[in-house]
Structures are given as C-alpha cells and as structure tokens.
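J.: I have a structure here, written as structure tokens, and I will follow up with some questions on it.
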Amino acid sequence: MIFITHHNLLAWLGKLKEDRTLIAPQDIGKGHIRYRPVSDIEEITFDYTQPEMSAKEFLFPQTDRLMRIEKRGDEVTLHDYLLEKEQIIFGLRPCDAHGFLAFDALFLEQDPPDVYYARRREMTTLVGISCPQMWENCFCTSVGGAPDDPSHLDVLLTAVGDGYAVKAATSKGKALLASAETQEVTDLTLPEIPKNETVPILPAEDWPALFNDQYWARLGERCLSCKLCTYVCPTCRCFDLRDEEVLSGTGIVIHDRMRVWDACTAPNYRTIAGGHNSRATKGQRIRNRYYCKFHYYPKDFGPLGCVGCGRCIEACPVNIDIKEMLAQVADLHEKVEA
Amino acid sequence: MIEQIQAKAKELLENEQVSCVIGYETATDGGTRPAFIYDPDDVDRLVWNQQCHYNLVNYLHDKKKPPKRGADIPSVAVIVKPCDSRTINLLVGESQIKRENIHVIGLTCTGMLENGEIQTRCQHCTIRSPLVYDTLIGEPPTEEISDDFEDVAEIEAMAPEERLNFWLSEFDRCIRCYACRQACPGCYCTVCEFDRDDSLWIGMQNEMPEKYFFHTFRAMHLAGRCVECNACELACPMDIPLSLLNRKLTKEMEELFDHRGGMTTEPTPFVTLMKDGEISLI
Amino acid sequence: MNEHNHHSMRPYLGKLAGVKELGTDIRLFQIELMDAVGKEAFANYKPGQFGFVSAFGEGEAPFGITSIPAQDGLLEFAIHRHPHGKTTNGLHNLSVGDPIGVRGPLGNNFPMDDIKGKDIIVLGGGIGGAPLRPVIKTVMENRDDYGSMTILWAARNPGLLIFTDEYEEWRNTPQTELHLTVDNKPPDWDEGDEGLITTLLEKLNPSPENAITITCGPPIMIHFVSLTLKKLGFTLDQMLVTLEGRMHCGIGKCGRCNLGDIFVCTDGPVFYHSEVAELLESFL
C-alpha cells in the first residue's frame, strides 16, 4: 500500500497551503471542532470524532454572496462572486464527503446547474480521513456509506502505524498527491473497523402510505422549530435569498444579493403573501423534512438525503432521533402492510 | 415522587380534566426529553430525575389556541419545576395563557445536572419549591439560599474592551439556528424582530454584527422577563454562555427596578410600564 | 453588463417603462428589457408563466406575468405592496425610468392549445387575477379558437378589483361575460354582486359540458371553488389552477416550494386540480 508518515503529511499540507485555501478540523474554542480555513498547520487537530458542522459550508456557504449589485444613479451593474482560489478540505469524514453527492445531484445534475456551487465544486479537492470506529449516533453503513469509504473523496487516508495508508480515489486526488512524499509498504494491514447495528431504511416507494399517519404530529410535538438539525446536516440545502446593503457612498450604492441557509422546520417557512401557511404545524414540518430525505430526494434526484452522520441526533435539543424515527417508521410500515 | 406524578397524571386524564399531560420521559441517549401523554395508560412513560431540565411551559404556546375553529382552548397539565413555575406567572401576566386552562403539577427541586454537576443557575436558585401550582409534589426544602450573583462577577470585573472581546469570541461559534429563542418560553413573537423578511433590524447574514445584535437584543427583550430556566443555554449546541448574559441583565433589573421575572404575574417594568414620576427621568 | 455572463440566478436588466395604479396598494409595472439576451428569453412566454422581479438593493420575488408577448414588447406584472415586504415595497418605491430586473420566464403554462374549442370559465380572486389576464387576452386575440368565456372576478372590496379599465373591452368581446363580486359592497357601488366568488359561481351555474375552469387566488378560495364546481358537475380534470409555494429561486433548487415530491416552480405553477388532488401533500 501507499503510505505517508504523519510528519510528511503535515509537510505536504504545508506545501499545498501555499497557493490554496486549506480547510481542516480545528478546535475553535471550548472543545468545539469544526472544519475551518487554516492559517497555520499547527491549528489542525487530528483528535476528533466528527466536526460538529458538516463541510457543506465550503461548497454552499451559510452566507453565500452571489452577486454584487452596484447602483450609480440609473445605472445598475451586476457582478457574480465566483470562488477564485482553489481549496482543499482536509480531514473530511467519509459521511461528509457523501453529503456532496446529494448536493451534486440537485445543484449540478438538475438543469439549470448552479454556477456558484459548480465553481466551488470544481475548485475543491477532498482529502478524507477514515473513521477509526463508528460512534454512538453513526449509521453511515445503513445508507450506503462506510467509515472508510473512498467513494466521494479525491484522496482517503486511513491511520495505521505512525502514519496513514493513502488511497488516491480520483485522478484529481492522484495529481494532488504528486507533491507528497509517500512510500510503498507491504507489511502493514489496515485494522478492521467495527460497525454499528444497521438501522432499517424504509425504501423510498413505501413512504407515501404513511404520509397521513398521526405518527408525524406526535413526533413533531416536542420539536422546537429551530434550525439546528438542518444546519448541521451534510445534505440539507434549503436557502433564503435577499439583497443586503454593503455600503453607500457619494453617487453609489452597493448591495450584495445573497443566499443564506434556511430550514423547512422554521414556523413561517411556507407562509405565503396573504398569510396562508400550508405547514403551520410542527408535525407537518417535521414530516416534510424526513420525507424530503427518504422519499422526495431519492425519487426526484437519485441519492438519499441522509448520509447517516448522526449529527442531528446530537444537535437536537429535544431528542428527536432520526434513528429512532427510522425504526418506528419501519414498524409502522409493517403494521400498515399487515 | 415519580409514583405521585404518574398517579396524578393518570387521574387528570381519566377524569378528562385535561386532554394532555406534558412531562418528561426517557430519551434515546439515556437522558430525558419532553413527553406528551394523552392516554392514561401511557403515564408510566413519565420520569422525574435530575436530567429533567426542559422548561415544559414553553409548550403551552402550542396549546393556547383552539385546535380548530369553533373548538375550545384545550385544558392541559404541565409538570413544572420552581423555575418553570415562574414562567406560568410570566405568561399569565403577559396575557399569553389562561390560568384556568392549565393544571400545574408543581415539583420541588434539588437542582438539575449538567455533565454530572449541579447547574450554575440551580446553585443560585432561591425558590426550590414552585411559586404556582395546582398540585404540589415533593417536600419543600428547608435550606436557605441567597443569590449574590457571584456567577456574573467575573465578567463584571472585566474592562469594557475585554468584556466585548469575550462576548464576540463566544458569539463567533453561533450559527443562528435559533434553538435558544425557540427553547425560551419568553420568546413567542409570531414574527421575531430579528427574523423579519424585510431585514428591518438586521440582515439575514450569519456574520458577527448580526449575531452580536441578535444575542444582545434578545437579552434586552428578556430583561425583567427571564425566569432563569437555562433552556437557552442548554439548547445551544455551541456552548455560548447565554444564561450568563441573561443573568447580568437579571441583576441589573433587580438593582434598578427591584423586579425579577415571573416571581409574580406583574409584567416587567422595563420598556413596558411607566410609573408615576418616571417620565421626569427621561 | 457582459451579456455572456447570463445564468439562471442572474436577472436581466430592464427599465421601468410605465406604472399604472390598479387598486389599493396594487400597481401595474411595465418593464422594457434592455439587453438582447433578456428580450430573446422573453420573446415567447406563455400565459401562466411567472418571472422574478428584482428591486435592486431590496430583493426579488416571483410574480405571474400579466401580459402577453404581442403587447408592444413591454413585460407587465401586477404587484401588490405587502406591509412588510422588502421587495414589493422596493418595487412600489420605483419611478418610471428606474432600473429593474427580471428572471424568467419560469414555470409551465396554461395549456391554451389543449383547451381550444372549449367554454372557458375564468375565476380570479383579488391579485390572483393577474396571471389570468394573459388567458383572457389570448382568448380575445384568438376568439374563434375558443368557446364562450365567462369571467368571474372577485375581491374583498372594489378597491382590490384589478384591471377595471379593461372590463368594458372584455365585455365587448363576442361570447364573453364578466361578472364581479365583492365581499363587502359599499352602498355606492352597483357594478356587481355582494358575496364570495363561490356564491356567484353557484348563481351563474355554468354548464360543465365541454368546459374548462381556470382559477387563481388564495389557497382557500381555490379549494372552495373546486368544491362548488364539483357540486355543479365539473370533474377535477376540468379544473386548472395556478398555485404558489413561496418560491425563492424559481428553478427548483432552494427547496421551499415543494408540494410533496414536486416543485411548484418547475412542475407548476399550473396544474389540473386532478393532479393536485393526487399529490402527497396538500397545498392548503
């Protein structure tokens, strides 16, 4: 296998950082680990389970300035903000990379492609690190993923010995590795990663039969209608869009047209002009969120809208647990079928 | 206490005095979570322990309107700790809930845990027994506790610039998920001032000016109203010390107005009421 | 502006060529597109399609296109100013000559070819009448291709009835009737009935034979109109509706306007009620 020592890995990252933005897991305070741009290689932490937020913000920023609108009297000019500097997301867990599959399916493969996402995607290389184990809330293996899955990465590293086994999963990854000092080794074997119990995932076509069940109203009752589950999720992509002022000076006013993350769990998400809200209850909103992941997304775009990262379970202040929901939905389906 | 709680819940549901009992049940992570019991046979789901930190009175906002046109406002029972009972006073005083629709099952409390330790706010709690209840369960503690606001002393000792940097570095982790606002029973505006479609007060960006404004002004809107239930800080996934901010304003309100949220049904005097002579102070 | 930079989230630049008051807080915006790419995009839009209109510096919002292409190259939108709508207020604050943006044309359209030869019943509630005006104009311009046209136009009060200065032209069109109704009839208004559109509909009792209905208005109106039509013998596949879902992108990306597994912006906004009834999620 191809192998790189930890020391050489850091050296390689240092080199890459010279002309690219390097994004990697960091402790941003009080033990909170997030993927963040690195100014110094020392900032990178290797001691984490999974960063508390996914990496979607680097292809789909929480505050994404799309275009600059300049008004000079009657003249308006528009200028797209497109990512200019290449970036590497390092230390990516395979589930987070898997999340980009859902984004690609919608933002690239559904016409028309989103130019902002497309540019970021093209300019980004994904270097992942296998998970040494599956943690309490993880269920990636139930949704077509794995702790050491290279499928959606350009390079996958797996910790072994005093370094990492290196797998170039794409030609982009291979090209990136050209500047790394690696070696061929034959005497190391990768440890077996223990897997969690699988969670039943009801096939997409079986969800409609449960749509009007009162299960959803009951589940939604304790929901706070915040946006946490949506924001930490590697696949959720709903957004709001508005112009906000940047500055105004003599004879010129500048606004940025921006899109910002939003969540279908928010109370007024579907309130239309005139005041009607077709998802006025928490049960309707939470039902939409899960149906979007397990029925609408696979039906309309292909991939599931869930990668089994389990962040929503940890994040939810009131223990709305997607694994519990999936098991209950599978039971409910059996009862309905009987 | 749990047997008494379950028995009372069962009785209220069987007699149809209430349609729902809001309490606590075991969560999938071994902790607790809010529970909504409609069937008297389900009362054994209810639990009571030192992980029952949720302020269940928050859910009364979902039960304050008729479920459909022409129906009555539902009668519900809600399990409250002493801090939560202050919320009943707050919401009755602000005309949000009708006292007669609610059966308050009040529990005495020795404090809630966080990471194995008694929560800071519980260490300063002077009331240990609910201020408002229809049923009281538990022995009121006899221990005298006084609140000297020592938890606020550290930030008060900071010079203004240091204090600002402290707060900015905490808010840096904020993702504007609004879990704090949604968990807070005092935040019930149908359209939050900081979440308006027309960006009247703040823009929709998740950048420092907006986050800073949101948190400081939400705290201002809670001044004299906060019941110190800690729901905000516990909901926050980013460990932002929101209770500390609210505690600071609680202290200011006590000093300036001799008022503390939810101790009675009297609403906050801050930006709501002007008493005789106060107008001359402007 | 570099015309080669166009993509689906980028508005075409236009100029506000004309403004007309249509009612209380309702204005007609007449837009002249300024560049070739925009003009070409909007050369052949169809009744039922919509566009995102930008008040630069405030935002953009979706509005049904209320004109038809034959009309002197001006793109028209009827826009109601919402009390705290950033975009609608921004638009109402514009003056003739100001820059304005448009994205589109988006969505599907009323199947004007499929309904040729049929009797058309148009039901418009308030600002909902705006996307129906192109239907009326298409029928007027191709009168022999369609059967009778019965227009039911409703609003809460007379100040919210739109296109009042065109009613005479509509009425003077052969085989065309216009009926007005308002919820609250002021004593000095005698141009129509008092009551809901469903009451008017029952009174007129149109025959379902070879007929098609086209409804646009608030969700609750669409619902009750469909119930009344069913009572009068219409089937769901004779009822066309145009829906709203608080669209933000209009191109099927932002996720907001889904009704179950379809998007109102790309799979609609025009649907047969029979299709709507089959959807997993209700629009109500």
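How things are named: the first chain in the structure tokens is A, the next is B, and so on; residues count from 1 in each chain; ligands count from 1 in the order shown.
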Write out as a PyMOL selection string all residues of range 158-311 of chain A that backbone DSSP assigns to alpha helix (DSSP H).

T.: chain A and resi 171-177+215-220+228-232+282-291+297-301+311

J.: May I have the residues within 12 Å of range 69-72 of chain B as a list in words, using only C-alpha atoms and disregarding those fewer than 6 positions away in the same chain?

T.: Ser19, Lys63 and Asn101 of chain B

J.: Using only C-alpha atoms, determine which residues of chain C fall within 7 Å of chain B; present them as a list in words.

T.: His84, Gly85 and Lys86 of chain C

J.: Per residue of chain A within 7 Å of chain B, what are the shortest atom pair and its distance in Å to one decimal, counting only C-alpha atoms, with rows by chain and residue number, as a Markdown table?

T.:
| residue | atom | partner | partner_atom | distance |
| --- | --- | --- | --- | --- |
| A:Gln62 | CA | B:Asn206 | CA | 7.0 |
| A:Thr63 | CA | B:Gln205 | CA | 5.5 |
| A:Arg222 | CA | B:Pro34 | CA | 6.1 |
| A:Leu224 | CA | B:Gln182 | CA | 5.6 |
| A:Ser225 | CA | B:Gln182 | CA | 6.7 |
| A:Cys226 | CA | B:Ala179 | CA | 4.9 |
| A:Lys227 | CA | B:Cys177 | CA | 4.7 |
| A:Leu228 | CA | B:Cys177 | CA | 5.3 |
| A:Glu244 | CA | B:Gly203 | CA | 6.4 |
| A:Val260 | CA | B:Gln205 | CA | 6.5 |
| A:Ala315 | CA | B:Pro237 | CA | 6.1 |
| A:Pro317 | CA | B:Ala235 | CA | 5.0 |
| A:Val318 | CA | B:Arg33 | CA | 5.5 |
| A:Asn319 | CA | B:Arg33 | CA | 6.2 |

J.: Let's have the selection written as a compact mmCIF listing (two decimals), in the first residue's frame, with N, CA and C atoms.

T.:
# COMPACT_ATOMS: atom_id res chain seq x y z
N GLN A 62 -22.88 29.31 4.42
CA GLN A 62 -24.08 29.70 5.15
C GLN A 62 -24.53 31.10 4.71
N THR A 63 -23.57 31.97 4.52
CA THR A 63 -23.88 33.28 3.96
C THR A 63 -23.13 33.35 2.63
N ARG A 222 -42.73 17.69 20.23
CA ARG A 222 -41.69 18.26 21.08
C ARG A 222 -40.69 19.09 20.28
N LEU A 224 -38.83 21.99 18.54
CA LEU A 224 -38.80 23.41 18.89
C LEU A 224 -38.94 24.31 17.66
N SER A 225 -38.92 23.72 16.48
CA SER A 225 -38.93 24.50 15.23
C SER A 225 -37.73 25.42 15.14
N CYS A 226 -36.58 24.97 15.62
CA CYS A 226 -35.35 25.72 15.39
C CYS A 226 -34.77 25.20 14.06
N LYS A 227 -33.53 25.51 13.80
CA LYS A 227 -32.97 25.11 12.50
C LYS A 227 -31.74 24.21 12.67
N LEU A 228 -31.53 23.75 13.91
CA LEU A 228 -30.30 23.01 14.18
C LEU A 228 -30.08 21.78 13.32
N GLU A 244 -28.79 42.62 0.57
CA GLU A 244 -28.44 43.35 1.79
C GLU A 244 -27.36 44.38 1.45
N VAL A 260 -28.77 32.49 2.00
CA VAL A 260 -28.41 32.14 3.35
C VAL A 260 -29.17 30.87 3.70
N ALA A 315 -27.38 17.09 17.95
CA ALA A 315 -27.74 18.51 17.96
C ALA A 315 -29.13 18.78 18.54
N PRO A 317 -32.07 19.61 20.50
CA PRO A 317 -32.21 19.89 21.94
C PRO A 317 -33.27 19.05 22.62
N VAL A 318 -34.18 18.47 21.85
CA VAL A 318 -35.28 17.71 22.46
C VAL A 318 -35.31 16.25 22.03
N ASN A 319 -34.14 15.75 21.59
CA ASN A 319 -34.01 14.33 21.30
C ASN A 319 -34.99 13.81 20.25

J.: Using only C-alpha atoms and a distance of at most 9 Å, pull out the residues of chain A that contact chain C, as a PyMOL selection string.

T.: chain A and resi 66-67+69-71+73-80+106-107+110-115+208+211-212+237-245+253-257+263-264+269-274+276-279+288+291-292+295-297+299-300

J.: What does the distance between CA of Ile320 in chain A and CA of Glu136 in chain A come to in Å, to one decimal place?

T.: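 It comes out at 15.2 Å.
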
J.: Where does DSSP see strand (DSSP E) in range 10-220 of chain C, if you list the residues as a ChimeraX atom specification?

T.: /C:12-23,26-33,50-55,59-64,75-80,99-106,119-125,149-155,176-182,193-194,211-216

J.: Taking into account only C-alpha atoms, which residue in the set B:Pro74, B:Glu16, B:Pro241, B:His221 is nearest to Lys30 in chain A?

T.: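 Going through B:Pro74, B:Glu16, B:Pro241, B:His221 one by one, the smallest distance to Lys30 in chain A is for B:Pro241.
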
J.: So, with only C-alpha atoms as the atoms that count, which of B:Lys98, B:Lys248, B:Lys64, B:Arg128 lies closest to Thr216 in chain B?

T.: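 The shortest atom-to-atom distance to Thr216 in chain B comes from B:Lys248.
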
J.: Excluding Ala9 in chain B and its own-chain neighbours fewer than 3 positions away, which residues fall within 7 Å of it when counting only C-alpha atoms? Please give them as a ChimeraX atom specification.

T.: /B:5-6,12-13,21,43

J.: Emit the selected residues as a tab-separated table (two decimals), in the first residue's frame, including N, CA, C and O atoms.

T.:
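Contents of the output file again_3.tsv:
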chain	number	residue	atom	x	y	z
B	5	ILE	N	-46.41	11.55	40.68
B	5	ILE	CA	-46.56	12.28	39.41
B	5	ILE	C	-47.40	11.46	38.45
B	5	ILE	O	-48.37	11.94	37.85
B	6	GLN	N	-47.04	10.18	38.32
B	6	GLN	CA	-47.76	9.32	37.38
B	6	GLN	C	-49.22	9.15	37.81
B	6	GLN	O	-50.13	9.16	36.98
B	12	LEU	N	-55.87	12.87	36.20
B	12	LEU	CA	-56.32	14.03	35.40
B	12	LEU	C	-56.82	13.60	34.02
B	12	LEU	O	-57.79	14.13	33.49
B	13	LEU	N	-56.14	12.60	33.45
B	13	LEU	CA	-56.53	12.15	32.12
B	13	LEU	C	-57.79	11.31	32.18
B	13	LEU	O	-58.68	11.45	31.33
B	21	VAL	N	-51.07	15.63	29.28
B	21	VAL	CA	-50.13	15.95	30.35
B	21	VAL	C	-48.75	16.10	29.72
B	21	VAL	O	-48.27	15.20	29.04
B	43	VAL	N	-49.04	6.76	31.23
B	43	VAL	CA	-48.38	7.60	32.24
B	43	VAL	C	-47.09	6.99	32.77
B	43	VAL	O	-46.25	7.71	33.33
